[in-house]
Amino acid sequence: MRILVIEDDPKIARLLRKGCRDAGHTADIAARGDAGPRRARENAFAVTALDLVLPATDRFEVLRAL
């Protein structure tokens, strides 16, 4: 399964990617909220994990864009 992770903290993003990989999935990381919808348009994802606190980005705007 391919998973989109929208997370600005590099350490948390790495841990999420590793956890996904260990479970047999692929995780793509978007480090900024505005990058998440762009990535979602470029690739098909089964699941999106969205950080609720993103700097300079309203998470509800990200959700609407997705």
# chains A, B, ... in the order shown; residues from 1 in each chain; ligands from 1

$ residues_around --residues "Asp34 of chain A" --least-positions-apart "5" --cutoff "12 Å" --atoms "only C-alpha atoms" --output "ChimeraX atom specification"
/A:6-8,39-41,50,54-66

$ select_by_dssp --residues "chain A" --states "helix (DSSP H, G or I)" --output "MDAnalysis selection string"
chainID A and resid 10:22 35:42 59:65

$ closest_residue --among "A:Arg32, A:His25, A:Ala49, A:Gly19" --to "Met1 of chain A" --atoms "only C-alpha atoms"
A:His25

$ closest_residue --among "A:Ala44, A:Val5, A:Val53, A:Ala30" --to "Arg17 of chain A" --atoms "only C-alpha atoms"
A:Val5

$ atom_distance --atom1 "atom CA of Asp22 of chain A" --atom2 "atom CA of Gly36 of chain A"
22.6 Å

$ select_by_dssp --residues "chain A" --states "strand (DSSP E or B)" --output "MDAnalysis selection string"
chainID A and resid 2:6 26:30 47:50

$ closest_residue --among "A:Leu52, A:Ile29, A:Glu42, A:Arg2" --to "Arg14 of chain A" --atoms "only C-alpha atoms"
A:Ile29

$ decode --residues "segment 44-64 of chain A" --atoms "N, CA, C and O atoms" --output "short mmCIF file (atom, residue, chain, number, x, y, z; two decimals), in the first residue's frame"
data_model
loop_
_atom_site.label_atom_id
_atom_site.label_comp_id
_atom_site.auth_asym_id
_atom_site.auth_seq_id
_atom_site.Cartn_x
_atom_site.Cartn_y
_atom_site.Cartn_z
N ALA A 44 -1.09 8.03 -6.88
CA ALA A 44 -2.26 7.48 -6.20
C ALA A 44 -1.84 6.93 -4.85
O ALA A 44 -0.89 6.14 -4.76
N PHE A 45 -2.51 7.36 -3.79
CA PHE A 45 -2.23 6.89 -2.43
C PHE A 45 -3.47 6.23 -1.86
O PHE A 45 -4.59 6.70 -2.07
N ALA A 46 -3.26 5.15 -1.13
CA ALA A 46 -4.38 4.46 -0.48
C ALA A 46 -4.78 5.17 0.81
O ALA A 46 -5.94 5.16 1.19
N VAL A 47 -3.79 5.80 1.46
CA VAL A 47 -4.01 6.45 2.76
C VAL A 47 -3.18 7.72 2.81
O VAL A 47 -2.08 7.78 2.27
N THR A 48 -3.71 8.73 3.51
CA THR A 48 -2.95 9.95 3.79
C THR A 48 -2.94 10.17 5.29
O THR A 48 -3.98 10.15 5.94
N ALA A 49 -1.75 10.37 5.85
CA ALA A 49 -1.59 10.72 7.26
C ALA A 49 -1.20 12.20 7.29
O ALA A 49 -0.18 12.59 6.74
N LEU A 50 -2.03 13.01 7.95
CA LEU A 50 -1.84 14.45 7.95
C LEU A 50 -1.53 14.94 9.36
O LEU A 50 -2.32 14.71 10.29
N ASP A 51 -0.39 15.61 9.52
CA ASP A 51 -0.03 16.25 10.79
C ASP A 51 -1.08 17.33 11.07
O ASP A 51 -1.43 18.11 10.20
N LEU A 52 -1.57 17.37 12.30
CA LEU A 52 -2.61 18.35 12.64
C LEU A 52 -2.05 19.74 12.91
O LEU A 52 -2.80 20.71 12.90
N VAL A 53 -0.74 19.84 13.15
CA VAL A 53 -0.13 21.15 13.43
C VAL A 53 1.00 21.37 12.43
O VAL A 53 2.10 20.88 12.60
N LEU A 54 0.69 22.09 11.36
CA LEU A 54 1.68 22.40 10.33
C LEU A 54 1.98 23.90 10.37
O LEU A 54 1.05 24.70 10.47
N PRO A 55 3.25 24.28 10.30
CA PRO A 55 3.57 25.69 10.32
C PRO A 55 3.11 26.40 9.04
O PRO A 55 3.25 25.87 7.95
N ALA A 56 2.51 27.55 9.21
CA ALA A 56 2.10 28.42 8.10
C ALA A 56 1.10 27.76 7.14
O ALA A 56 0.96 28.18 6.01
N THR A 57 0.45 26.68 7.60
CA THR A 57 -0.52 26.00 6.75
C THR A 57 -1.73 25.62 7.59
O THR A 57 -1.59 25.06 8.66
N ASP A 58 -2.90 25.90 7.10
CA ASP A 58 -4.13 25.49 7.76
C ASP A 58 -4.46 24.07 7.34
O ASP A 58 -4.64 23.79 6.15
N ARG A 59 -4.50 23.16 8.29
CA ARG A 59 -4.73 21.75 7.96
C ARG A 59 -6.06 21.54 7.24
O ARG A 59 -6.20 20.63 6.44
N PHE A 60 -7.05 22.39 7.53
CA PHE A 60 -8.34 22.26 6.85
C PHE A 60 -8.22 22.65 5.38
O PHE A 60 -8.90 22.07 4.52
N GLU A 61 -7.36 23.61 5.07
CA GLU A 61 -7.10 23.94 3.66
C GLU A 61 -6.43 22.77 2.95
O GLU A 61 -6.74 22.50 1.80
N VAL A 62 -5.52 22.11 3.65
CA VAL A 62 -4.86 20.94 3.08
C VAL A 62 -5.91 19.86 2.80
O VAL A 62 -5.93 19.26 1.72
N LEU A 63 -6.79 19.61 3.77
CA LEU A 63 -7.83 18.62 3.58
C LEU A 63 -8.74 18.96 2.40
O LEU A 63 -9.08 18.09 1.58
N ARG A 64 -9.13 20.23 2.29
CA ARG A 64 -9.98 20.64 1.17
C ARG A 64 -9.26 20.43 -0.16
O ARG A 64 -9.86 19.99 -1.14
#
